[in-house]
>>> print(open('query-v7.cif').read())   # mmCIF, C-alpha atoms
data_data
#
loop_
_atom_site.label_atom_id
_atom_site.label_comp_id
_atom_site.auth_asym_id
_atom_site.auth_seq_id
_atom_site.Cartn_x
_atom_site.Cartn_y
_atom_site.Cartn_z
CA MET A 1 -96.45 181.15 176.68
CA ARG A 2 -96.20 184.47 174.81
CA THR A 3 -96.65 182.61 171.49
CA ILE A 4 -99.67 180.78 172.86
CA SER A 5 -101.17 184.03 174.11
CA ILE A 6 -100.70 185.65 170.71
CA ASN A 7 -102.27 182.67 168.95
CA CYS A 8 -105.20 182.66 171.37
CA PHE A 9 -105.70 186.39 170.82
CA LEU A 10 -105.61 185.95 167.05
CA PHE A 11 -108.04 183.06 167.24
CA LEU A 12 -110.45 185.17 169.31
CA PHE A 13 -110.02 188.15 166.96
CA ILE A 14 -110.61 186.15 163.81
CA SER A 15 -113.48 184.23 165.43
CA LEU A 16 -115.27 187.50 166.20
CA LEU A 17 -114.76 188.61 162.62
CA ALA A 18 -115.90 185.23 161.34
CA GLU A 19 -119.08 185.48 163.39
CA LYS A 20 -119.83 188.77 161.69
CA SER A 21 -118.99 187.48 158.23
CA PHE A 22 -120.40 183.97 158.61
CA GLY A 23 -121.24 182.42 155.28
CA GLN A 24 -119.88 185.30 153.24
CA ASP A 25 -118.04 184.53 149.99
CA MET A 26 -114.68 185.94 149.02
CA ASN A 27 -115.03 189.45 147.58
CA TYR A 28 -112.49 190.40 144.94
CA THR A 29 -111.43 194.01 144.45
CA GLN A 30 -110.83 193.35 140.75
CA TYR A 31 -114.36 192.09 140.20
CA PHE A 32 -114.04 193.20 136.57
CA ALA A 33 -111.26 190.57 136.21
CA THR A 34 -113.44 187.81 137.70
CA PRO A 35 -116.81 188.43 136.01
CA ILE A 36 -118.01 184.82 135.79
CA TYR A 37 -117.52 184.48 139.55
CA TYR A 38 -120.18 187.13 140.12
CA ASN A 39 -122.53 186.41 137.22
CA PRO A 40 -122.49 183.33 134.94
CA ALA A 41 -124.20 185.40 132.24
CA PHE A 42 -120.79 186.99 131.53
CA THR A 43 -119.80 183.68 129.92
CA GLY A 44 -119.04 184.43 126.27
CA LEU A 45 -120.40 187.97 126.46
CA THR A 46 -117.86 188.99 123.81
CA PRO A 47 -116.60 186.67 121.03
CA GLY A 48 -113.35 184.79 121.44
CA PHE A 49 -111.56 182.87 124.17
CA ARG A 50 -110.39 184.31 127.50
CA ALA A 51 -108.45 182.75 130.37
CA ARG A 52 -108.31 184.64 133.67
CA PHE A 53 -106.04 184.03 136.68
CA LEU A 54 -106.18 185.96 139.98
CA TYR A 55 -104.37 185.71 143.31
CA ARG A 56 -105.51 187.58 146.44
CA ASP A 57 -103.55 187.95 149.67
CA GLN A 58 -105.70 189.49 152.41
CA TRP A 59 -104.51 190.86 155.77
CA PRO A 60 -100.78 190.17 155.11
CA GLN A 61 -99.65 191.86 158.36
CA LEU A 62 -101.37 189.20 160.47
CA PRO A 63 -99.46 185.98 161.24
CA ILE A 64 -102.25 184.09 159.48
CA ASP A 65 -103.31 185.81 156.27
CA PHE A 66 -106.03 184.71 153.86
CA LYS A 67 -105.14 183.64 150.34
CA SER A 68 -107.52 183.05 147.46
CA TYR A 69 -106.96 181.70 143.96
CA TYR A 70 -109.21 182.16 140.94
CA PHE A 71 -109.20 180.68 137.43
CA SER A 72 -111.79 180.86 134.70
CA ALA A 73 -111.88 180.22 130.97
CA ASP A 74 -114.78 181.04 128.69
CA LEU A 75 -115.49 180.93 124.97
CA GLY A 76 -117.89 183.24 123.17
CA ASP A 77 -118.82 181.67 119.84
CA ARG A 78 -121.82 182.86 117.87
CA ASN A 79 -121.91 179.50 116.05
CA LEU A 80 -122.83 177.80 119.34
CA PRO A 81 -126.45 176.73 119.81
CA GLY A 82 -128.04 179.67 121.58
CA ALA A 83 -125.21 181.91 120.30
CA GLY A 84 -123.84 182.46 123.80
CA GLY A 85 -120.83 180.83 125.43
CA ILE A 86 -119.42 178.04 127.59
CA GLY A 87 -116.98 178.34 130.45
CA LEU A 88 -115.11 176.79 133.38
CA LEU A 89 -114.67 178.31 136.85
CA VAL A 90 -112.32 177.21 139.67
CA THR A 91 -111.86 179.02 143.00
CA ASN A 92 -109.93 178.14 146.14
CA ASP A 93 -109.60 179.98 149.46
CA ASN A 94 -108.71 179.29 153.10
CA PRO A 95 -110.95 181.02 155.67
CA GLY A 96 -111.14 180.00 159.33
CA ILE A 97 -107.55 181.09 160.23
CA GLY A 98 -106.20 178.63 157.70
CA LEU A 99 -107.95 175.57 159.15
CA ILE A 100 -110.64 175.46 156.47
CA ASN A 101 -110.21 175.19 152.71
CA ASN A 102 -112.95 175.86 150.16
CA LEU A 103 -112.75 174.57 146.59
CA THR A 104 -115.36 175.29 143.93
CA VAL A 105 -115.40 173.89 140.40
CA GLY A 106 -118.21 174.84 138.06
CA LEU A 107 -119.27 174.78 134.43
CA THR A 108 -121.08 177.80 133.01
CA ILE A 109 -123.21 178.26 129.92
CA SER A 110 -125.03 181.27 128.51
CA VAL A 111 -127.72 182.00 125.94
CA ARG A 112 -127.80 185.22 123.94
CA ILE A 113 -131.15 186.93 123.21
CA PRO A 114 -130.84 189.95 120.86
CA ILE A 115 -133.33 192.76 121.42
CA THR A 116 -132.20 195.45 118.95
CA SER A 117 -128.99 196.06 116.97
CA PHE A 118 -127.70 198.13 119.94
CA LEU A 119 -129.25 196.21 122.84
CA THR A 120 -128.99 192.54 123.69
CA SER A 121 -129.48 190.29 126.69
CA GLN A 122 -127.70 187.20 127.92
CA LEU A 123 -128.79 184.57 130.44
CA GLY A 124 -126.35 182.24 132.17
CA ILE A 125 -126.25 179.39 134.66
CA LYS A 126 -123.50 177.75 136.70
CA ALA A 127 -123.57 174.11 137.78
CA GLY A 128 -120.75 172.86 139.93
CA ILE A 129 -119.57 171.32 143.15
CA LEU A 130 -118.31 172.93 146.35
CA GLN A 131 -115.91 171.06 148.59
CA ARG A 132 -115.01 172.20 152.10
CA ARG A 133 -112.12 170.65 154.04
CA ILE A 134 -110.95 171.08 157.63
CA ASN A 135 -107.71 170.01 159.30
CA TRP A 136 -108.75 168.72 162.72
CA ASP A 137 -105.14 167.89 163.66
CA ASP A 138 -104.18 171.58 163.78
CA LEU A 139 -106.77 172.41 166.45
CA VAL A 140 -105.41 173.06 169.96
CA PHE A 141 -107.69 172.82 173.01
CA THR A 142 -107.23 174.28 176.47
CA GLY A 143 -106.81 170.81 178.00
CA GLN A 144 -103.60 170.38 176.01
CA LEU A 145 -101.91 173.50 177.40
CA ASP A 146 -99.32 173.61 180.19
CA GLU A 147 -98.22 176.85 181.88
CA LYS A 148 -94.55 176.05 181.32
CA TYR A 149 -94.33 173.85 178.25
CA GLY A 150 -97.22 175.17 176.16
CA VAL A 151 -98.94 172.49 174.07
CA TYR A 152 -97.92 169.50 176.20
CA TYR A 153 -100.82 167.14 176.90
CA PRO A 154 -102.44 164.87 174.29
CA SER A 155 -105.87 165.82 173.05
CA SER A 156 -108.96 163.88 174.05
CA PHE A 157 -110.87 165.40 171.14
CA THR A 158 -112.58 162.93 168.81
CA SER A 159 -112.86 164.31 165.29
CA PRO A 160 -116.33 164.43 163.72
CA ASP A 161 -117.62 162.19 161.00
CA ALA A 162 -115.52 163.59 158.14
CA ASN A 163 -112.82 166.11 157.29
CA LYS A 164 -114.41 167.16 154.02
CA LYS A 165 -117.88 167.81 152.66
CA THR A 166 -118.92 168.03 149.01
CA ALA A 167 -122.18 169.51 147.79
CA PRO A 168 -123.68 170.62 144.46
CA ASP A 169 -123.79 174.37 143.87
CA PHE A 170 -125.75 176.43 141.34
CA ALA A 171 -126.00 180.04 140.20
CA VAL A 172 -128.14 181.92 137.69
CA GLY A 173 -127.87 185.40 136.23
CA GLY A 174 -128.81 187.80 133.46
CA ILE A 175 -127.19 190.77 131.71
CA LEU A 176 -128.35 193.60 129.45
CA GLN A 177 -125.63 194.87 127.11
CA TYR A 178 -125.82 198.25 125.34
CA SER A 179 -123.89 200.22 122.74
CA ASN A 180 -124.79 203.56 121.19
CA PRO A 181 -124.77 203.94 117.38
CA ASP A 182 -121.39 205.73 117.43
CA GLN A 183 -119.89 202.88 119.47
CA ASN A 184 -118.16 205.30 121.85
CA VAL A 185 -120.42 204.42 124.79
CA THR A 186 -120.99 200.80 125.79
CA GLY A 187 -122.17 199.27 129.01
CA ASN A 188 -123.93 196.45 130.77
CA ALA A 189 -126.13 195.88 133.80
CA GLY A 190 -126.95 192.59 135.41
CA VAL A 191 -128.22 190.63 138.37
CA SER A 192 -127.38 187.15 139.63
CA VAL A 193 -128.06 184.76 142.51
CA ASP A 194 -125.32 182.39 143.65
CA HIS A 195 -125.70 179.34 145.96
CA LEU A 196 -129.22 179.10 144.61
CA PHE A 197 -130.20 176.09 146.74
CA LYS A 198 -128.06 176.96 149.80
CA PRO A 199 -125.70 173.93 149.79
CA ASP A 200 -125.13 172.15 153.09
CA VAL A 201 -121.41 172.00 154.01
CA SER A 202 -121.65 170.73 157.61
CA PHE A 203 -119.02 168.21 158.68
CA PHE A 204 -121.51 166.59 161.08
CA VAL A 205 -124.00 163.97 159.91
CA ASN A 206 -126.78 165.08 162.27
CA GLN A 207 -126.34 168.83 161.74
CA GLU A 208 -126.71 171.24 158.85
CA SER A 209 -124.70 174.31 157.87
CA HIS A 210 -126.01 176.00 154.75
CA ILE A 211 -124.17 178.59 152.66
CA PRO A 212 -126.58 181.53 152.28
CA SER A 213 -127.64 182.60 148.81
CA LYS A 214 -125.87 185.66 147.46
CA LEU A 215 -127.54 188.43 145.46
CA VAL A 216 -125.33 190.46 143.12
CA ILE A 217 -126.37 193.60 141.22
CA HIS A 218 -123.77 195.22 138.98
CA GLY A 219 -123.37 197.72 136.18
CA ASP A 220 -120.68 199.56 134.28
CA VAL A 221 -120.26 202.02 131.42
CA ILE A 222 -117.26 202.42 129.10
CA ILE A 223 -116.84 205.84 127.49
CA ALA A 224 -114.32 206.43 124.70
CA THR A 225 -113.41 210.11 124.64
CA GLY A 226 -112.26 210.19 121.00
CA ALA A 227 -112.77 208.59 117.63
CA GLY A 228 -112.30 204.87 117.27
CA GLY A 229 -115.03 203.60 119.58
CA SER A 230 -114.46 200.87 122.13
CA SER A 231 -113.75 197.95 119.84
CA GLY A 232 -110.60 196.04 119.12
CA THR A 233 -107.20 195.68 120.70
CA SER A 234 -104.48 197.97 119.40
CA ASN A 235 -101.13 199.50 120.22
CA ARG A 236 -101.85 202.71 118.30
CA PHE A 237 -100.89 205.85 120.21
CA ASN A 238 -103.92 207.70 118.83
CA ASP A 239 -106.36 205.35 120.55
CA PRO A 240 -108.94 207.29 122.56
CA LEU A 241 -108.83 207.54 126.33
CA LYS A 242 -111.37 205.08 127.74
CA VAL A 243 -113.13 205.59 131.05
CA ASN A 244 -114.82 202.66 132.77
CA VAL A 245 -117.23 203.62 135.57
CA GLY A 246 -118.75 200.74 137.51
CA ALA A 247 -120.48 199.55 140.65
CA ILE A 248 -121.31 196.22 142.25
CA TYR A 249 -123.64 195.52 145.18
CA GLN A 250 -123.74 192.24 147.10
CA ASN A 251 -126.09 190.90 149.75
CA GLN A 252 -125.45 187.63 151.57
CA ASN A 253 -126.72 186.49 154.95
CA ASN A 254 -127.94 190.02 155.79
CA LEU A 255 -124.50 191.44 155.01
CA ASN A 256 -124.23 194.15 152.38
CA ALA A 257 -121.22 195.30 150.39
CA LEU A 258 -120.93 198.09 147.82
CA GLN A 259 -118.02 198.85 145.54
CA ILE A 260 -117.91 201.85 143.18
CA GLY A 261 -115.12 203.42 141.16
CA LEU A 262 -113.51 203.82 137.78
CA ASN A 263 -110.67 202.60 135.60
CA LEU A 264 -108.86 204.58 132.90
CA VAL A 265 -106.90 203.15 129.95
CA LYS A 266 -104.62 204.99 127.51
CA PHE A 267 -101.66 203.60 125.53
CA ASN A 268 -102.70 200.21 126.99
CA LEU A 269 -101.90 201.48 130.51
CA TYR A 270 -104.58 201.02 133.19
CA PHE A 271 -105.14 203.12 136.29
CA GLY A 272 -108.10 203.07 138.62
CA THR A 273 -109.46 203.74 142.08
CA TRP A 274 -112.37 202.04 143.87
CA TYR A 275 -114.20 202.62 147.14
CA LYS A 276 -115.44 199.57 149.09
CA ASN A 277 -117.88 199.59 152.02
CA THR A 278 -119.57 196.78 153.92
CA LEU A 279 -122.72 198.89 154.65
CA THR A 280 -123.45 196.63 157.63
CA GLY A 281 -123.21 197.11 161.37
CA SER A 282 -122.63 200.13 163.60
CA ALA A 283 -118.96 200.41 162.51
CA PRO A 284 -118.75 199.24 158.90
CA ASN A 285 -115.40 198.61 157.29
CA SER A 286 -114.38 200.67 154.29
CA ALA A 287 -111.35 200.58 152.03
CA LEU A 288 -109.89 202.53 149.13
CA ALA A 289 -108.36 200.39 146.38
CA VAL A 290 -105.85 201.56 143.79
CA VAL A 291 -105.40 199.66 140.52
CA ALA A 292 -102.66 199.68 137.89
CA GLY A 293 -102.03 197.46 134.89
CA TYR A 294 -100.78 197.03 131.35
CA ARG A 295 -102.07 195.21 128.28
CA TYR A 296 -99.66 193.94 125.65
CA ALA A 297 -101.00 192.97 122.20
CA PHE A 298 -98.67 190.33 120.79
CA ALA A 299 -100.87 189.94 117.66
CA GLU A 300 -103.75 191.83 116.06
CA ASN A 301 -106.41 189.97 118.02
CA MET A 302 -104.40 188.40 120.84
CA SER A 303 -103.34 190.15 124.03
CA ILE A 304 -102.25 189.61 127.62
CA LYS A 305 -103.27 191.94 130.46
CA PHE A 306 -101.61 192.23 133.87
CA MET A 307 -103.37 194.06 136.73
CA TYR A 308 -102.36 194.82 140.32
CA SER A 309 -104.53 196.31 143.07
CA TYR A 310 -104.04 197.16 146.73
CA ASP A 311 -106.75 197.74 149.34
CA ILE A 312 -106.07 200.48 151.89
CA GLN A 313 -108.28 200.13 154.98
CA ILE A 314 -109.54 203.59 155.88
CA SER A 315 -112.05 202.76 158.63
CA GLY A 316 -113.36 199.91 160.74
CA ALA A 317 -111.85 197.13 162.85
CA LEU A 318 -109.62 195.86 160.02
CA GLN A 319 -107.24 198.83 160.05
CA GLY A 320 -103.67 197.70 160.62
CA THR A 321 -104.18 194.28 159.02
CA GLY A 322 -102.30 195.25 155.87
CA GLY A 323 -105.25 195.51 153.52
CA ALA A 324 -105.14 193.17 150.55
CA HIS A 325 -103.05 192.58 147.44
CA GLU A 326 -104.49 191.24 144.18
CA ILE A 327 -102.68 190.21 141.02
CA SER A 328 -104.58 189.20 137.88
CA LEU A 329 -103.52 187.93 134.47
CA ILE A 330 -105.89 187.79 131.51
CA LEU A 331 -105.20 186.10 128.17
CA ASP A 332 -107.54 187.23 125.38
CA PHE A 333 -107.88 185.60 121.95
CA GLU A 334 -110.62 187.63 120.29
CA ASN A 335 -111.06 185.68 117.03
CA PHE A 336 -110.88 182.15 118.39
CA SER A 337 -113.72 179.77 117.53
CA LEU A 338 -114.23 176.05 118.05
CA PHE A 339 -117.22 175.65 115.78
CA ARG A 340 -117.49 175.95 112.03
CA ASN A 341 -119.91 178.26 110.27
CA SER A 342 -121.05 176.80 106.94
CA GLY A 343 -117.84 175.08 105.89
CA GLY A 344 -115.31 177.22 107.72
CA ARG A 345 -112.50 175.70 109.72
CA SER A 346 -112.52 175.78 113.51
CA GLY A 347 -109.71 177.56 115.36
CA TYR A 348 -108.51 181.09 114.63
CA MET A 349 -110.90 182.89 112.30
CA SER A 350 -110.34 185.73 109.89
CA PRO A 351 -110.54 189.37 111.10
CA ASN A 352 -114.09 189.62 109.74
CA TYR A 353 -115.17 186.71 111.96
CA ARG A 354 -117.69 188.86 113.81
CA SER A 355 -119.62 189.55 110.65
CA HIS A 356 -120.40 185.83 110.33
CA GLY A 357 -122.47 185.83 113.48
CA SER A 358 -123.64 189.39 113.80
CA SER A 359 -122.94 192.87 112.50
CA SER A 360 -123.95 194.32 115.83
CA PRO A 361 -121.60 196.93 117.34
CA LEU A 362 -122.00 195.02 120.58
CA GLU A 363 -119.54 192.44 119.30
CA CYS A 364 -116.40 194.19 120.54
CA SER A 365 -113.66 193.37 123.00
CA ASP A 366 -114.23 194.20 126.64
CA PHE A 367 -112.40 196.85 128.67
#
>>> encode(input="query-v7.cif", output="structure tokens")
Amino acid sequence: MRTISINCFLFLFISLLAEKSFGQDMNYTQYFATPIYYNPAFTGLTPGFRARFLYRDQWPQLPIDFKSYYFSADLGDRNLPGAGGIGLLVTNDNPGIGLINNLTVGLTISVRIPITSFLTSQLGIKAGILQRRINWDDLVFTGQLDEKYGVYYPSSFTSPDANKKTAPDFAVGGILQYSNPDQNVTGNAGVSVDHLFKPDVSFFVNQESHIPSKLVIHGDVIIATGAGGSSGTSNRFNDPLKVNVGAIYQNQNNLNALQIGLNLVKFNLYFGTWYKNTLTGSAPNSALAVVAGYRYAFAENMSIKFMYSYDIQISGALQGTGGAHEISLILDFENFSLFRNSGGRSGYMSPNYRSHGSSSPLECSDF
């Protein structure tokens, strides 16, 4: 009976939290490693091909923790029509104390609209499907419980019409990208709306359960403190120290979340700290996240980056849950192109590839 009592307590605890966070998407600490998830306009923002993987383990000290998996791949090719990019996004998570599973698969595309040689804009859209599954067999009802034997009696519960629901899902966003003439200060600011048409994911035929639309506003600035600007990937020990200051605000279903902080990189080593706050309710939850990582350049324009972050709950009802761990892996092929430019061959392009599409200083690798 002690096990049943613990499970009942956990179910009540998580249910109360779920009521507060109803309809809220997964929020990644390393949002800078999952940019397409927050704004499809990030697709192909810099030339080349990138593949991103992320794993999040939230509340590990609870018997039932929450795991999330992220994958995206995008190509920025200035020989594409619209000179933007194309991408693929896949996410998977398990809210609802592990009884529910969410899977999203989407295609993204962006269009690049230059404004000046140091300022450009990019618009992006995501079109995909969202599938929600539930395991009815794992549900335990009070009528099945016996004081001595625990779960003893058969269930009289009749499962609803289906154990999965699939619905189309769309997002739209825009970004302004900036670089100063000396190329030692770059940055971007953007806004997006996800779940544009509020997809219905109810398991019941005669009922509706819509995912609320999500508004995202974000911005960041990269400052290189020495000569060399913010372009390129290098192992040189005289590379300047780079400081990345950023913020992201989210609003979904009357819930607000703000994350602000900075990352530093020197000698291809990354360190950062971020403050997260829900900004909602009489006792909002806040956390301090620490980030560390390393980027290894195995060729002049090819690199792999590993990042780890840990959320430390500093206030709110979630203290003692173990925070959250995130691990990300990013593969970056800066000079990769699928499309020819006046007789050139597709695939890996020469180091002066960027000059074919644009001489803009904006065409540099990201942080």
>>> closest_residue(input="query-v7.cif", among="A:Met26, A:Leu130, A:Val111, A:Ala292", to="A:Gln250", atoms="all atoms listed in the file")
A:Met26
>>> resolve_selection(input="query-v7.cif", expression="the PyMOL selection byres ((chain A and resi 189) around 9)", output="ChimeraX atom specification")
/A:174-178,187-188,190-191,217-221
>>> resolve_selection(input="query-v7.cif", expression="the PyMOL selection byres ((chain A and resi 333) around 8)", output="PyMOL selection string")
chain A and resi 48-50+301-303+331-332+334-336
>>> residues_around(input="query-v7.cif", residues="stretch 260-275 of chain A", least_positions_apart="6", cutoff="8 Å", atoms="only C-alpha atoms", output="CSV table (one decimal) with C-alpha atoms, in the frame of the given file")
chain,number,residue,atom,x,y,z
A,235,ASN,CA,-101.1,199.5,120.2
A,236,ARG,CA,-101.8,202.7,118.3
A,237,PHE,CA,-100.9,205.8,120.2
A,239,ASP,CA,-106.4,205.4,120.6
A,240,PRO,CA,-108.9,207.3,122.6
A,241,LEU,CA,-108.8,207.5,126.3
A,242,LYS,CA,-111.4,205.1,127.7
A,243,VAL,CA,-113.1,205.6,131.0
A,244,ASN,CA,-114.8,202.7,132.8
A,245,VAL,CA,-117.2,203.6,135.6
A,246,GLY,CA,-118.8,200.7,137.5
A,247,ALA,CA,-120.5,199.6,140.6
A,248,ILE,CA,-121.3,196.2,142.2
A,286,SER,CA,-114.4,200.7,154.3
A,287,ALA,CA,-111.4,200.6,152.0
A,288,LEU,CA,-109.9,202.5,149.1
A,289,ALA,CA,-108.4,200.4,146.4
A,290,VAL,CA,-105.8,201.6,143.8
A,291,VAL,CA,-105.4,199.7,140.5
A,292,ALA,CA,-102.7,199.7,137.9
A,293,GLY,CA,-102.0,197.5,134.9
A,294,TYR,CA,-100.8,197.0,131.4
A,295,ARG,CA,-102.1,195.2,128.3
A,296,TYR,CA,-99.7,193.9,125.6
A,307,MET,CA,-103.4,194.1,136.7
>>> residues_around(input="query-v7.cif", residues="A:Gly323", least_positions_apart="3", cutoff="10 Å", atoms="all atoms listed in the file", output="JSON, numbers by chain")
{"A": [57, 58, 59, 60, 61, 287, 288, 289, 310, 311, 312, 313, 314, 318, 319, 320]}
>>> write_last_selection(input="query-v7.cif", atoms="C-alpha atoms", output="PDB file, keeping the file's coordinate frame")
ATOM      1  CA  ASP A  57    -103.550 187.950 149.670  1.00  0.00           C
ATOM      2  CA  GLN A  58    -105.700 189.490 152.410  1.00  0.00           C
ATOM      3  CA  TRP A  59    -104.510 190.860 155.770  1.00  0.00           C
ATOM      4  CA  PRO A  60    -100.780 190.170 155.110  1.00  0.00           C
ATOM      5  CA  GLN A  61     -99.650 191.860 158.360  1.00  0.00           C
ATOM      6  CA  ALA A 287    -111.350 200.580 152.030  1.00  0.00           C
ATOM      7  CA  LEU A 288    -109.890 202.530 149.130  1.00  0.00           C
ATOM      8  CA  ALA A 289    -108.360 200.390 146.380  1.00  0.00           C
ATOM      9  CA  TYR A 310    -104.040 197.160 146.730  1.00  0.00           C
ATOM     10  CA  ASP A 311    -106.750 197.740 149.340  1.00  0.00           C
ATOM     11  CA  ILE A 312    -106.070 200.480 151.890  1.00  0.00           C
ATOM     12  CA  GLN A 313    -108.280 200.130 154.980  1.00  0.00           C
ATOM     13  CA  ILE A 314    -109.540 203.590 155.880  1.00  0.00           C
ATOM     14  CA  LEU A 318    -109.620 195.860 160.020  1.00  0.00           C
ATOM     15  CA  GLN A 319    -107.240 198.830 160.050  1.00  0.00           C
ATOM     16  CA  GLY A 320    -103.670 197.700 160.620  1.00  0.00           C
TER      17      GLY A 320
END
>>> resolve_selection(input="query-v7.cif", expression="the PyMOL selection byres ((chain A and resi 121) around 7)", output="list in words")
Arg112, Ile113, Pro114, Ile115, Thr120, Gln122, Leu123, Ile175, Leu176 and Gln177 of chain A
>>> atom_distance(input="query-v7.cif", atom1="atom CA of A:Asp25", atom2="atom CA of A:His325")
17.2 Å
>>> closest_atom_pairs(input="query-v7.cif", of="stretch 43-149 of chain A", to="stretch 33-38 of chain A", cutoff="12 Å", atoms="only C-alpha atoms", output="Markdown table")
| residue | atom | partner | partner_atom | distance |
| --- | --- | --- | --- | --- |
| A:Thr43 | CA | A:Ile36 | CA | 6.2 |
| A:Gly44 | CA | A:Ile36 | CA | 9.6 |
| A:Leu45 | CA | A:Ile36 | CA | 10.1 |
| A:Arg50 | CA | A:Ala33 | CA | 10.8 |
| A:Ala51 | CA | A:Ala33 | CA | 10.2 |
| A:Arg52 | CA | A:Ala33 | CA | 7.1 |
| A:Phe53 | CA | A:Thr34 | CA | 8.4 |
| A:Leu54 | CA | A:Ala33 | CA | 7.8 |
| A:Tyr55 | CA | A:Thr34 | CA | 10.9 |
| A:Arg56 | CA | A:Thr34 | CA | 11.8 |
| A:Tyr69 | CA | A:Thr34 | CA | 10.9 |
| A:Tyr70 | CA | A:Thr34 | CA | 7.8 |
| A:Phe71 | CA | A:Thr34 | CA | 8.3 |
| A:Ser72 | CA | A:Ile36 | CA | 7.5 |
| A:Ala73 | CA | A:Ile36 | CA | 9.1 |
| A:Asp74 | CA | A:Ile36 | CA | 8.7 |
| A:Leu75 | CA | A:Ile36 | CA | 11.8 |
| A:Gly85 | CA | A:Ile36 | CA | 11.5 |
| A:Ile86 | CA | A:Ile36 | CA | 10.7 |
| A:Gly87 | CA | A:Ile36 | CA | 8.5 |
| A:Leu88 | CA | A:Ile36 | CA | 8.9 |
| A:Leu89 | CA | A:Tyr37 | CA | 7.3 |
| A:Val90 | CA | A:Tyr37 | CA | 8.9 |
| A:Thr91 | CA | A:Tyr37 | CA | 8.6 |
| A:Asn92 | CA | A:Tyr37 | CA | 11.9 |
| A:Thr104 | CA | A:Tyr37 | CA | 10.4 |
| A:Val105 | CA | A:Tyr37 | CA | 10.8 |
| A:Gly106 | CA | A:Tyr37 | CA | 9.8 |
| A:Leu107 | CA | A:Ile36 | CA | 10.2 |
| A:Thr108 | CA | A:Ile36 | CA | 8.2 |
| A:Ile109 | CA | A:Ile36 | CA | 10.2 |
| A:Ser110 | CA | A:Ile36 | CA | 10.7 |
| A:Gly124 | CA | A:Ile36 | CA | 9.5 |
| A:Ile125 | CA | A:Ile36 | CA | 9.9 |
| A:Lys126 | CA | A:Ile36 | CA | 9.0 |
>>> atom_distance(input="query-v7.cif", atom1="atom CA of A:Tyr31", atom2="atom CA of A:Ser337")
25.8 Å
>>> atom_distance(input="query-v7.cif", atom1="atom CA of A:Ser315", atom2="atom CA of A:Leu279")
12.0 Å
>>> closest_residue(input="query-v7.cif", among="A:Ala299, A:Ile100, A:Ile222, A:Leu196", to="A:Arg133", atoms="only C-alpha atoms")
A:Ile100
>>> closest_residue(input="query-v7.cif", among="A:Ser68, A:Glu147, A:Arg78, A:Gln259", to="A:Thr46", atoms="all atoms listed in the file")
A:Arg78
>>> closest_residue(input="query-v7.cif", among="A:Thr29, A:Gln24, A:Thr225, A:Asn206", to="A:Asn256", atoms="all atoms listed in the file")
A:Gln24
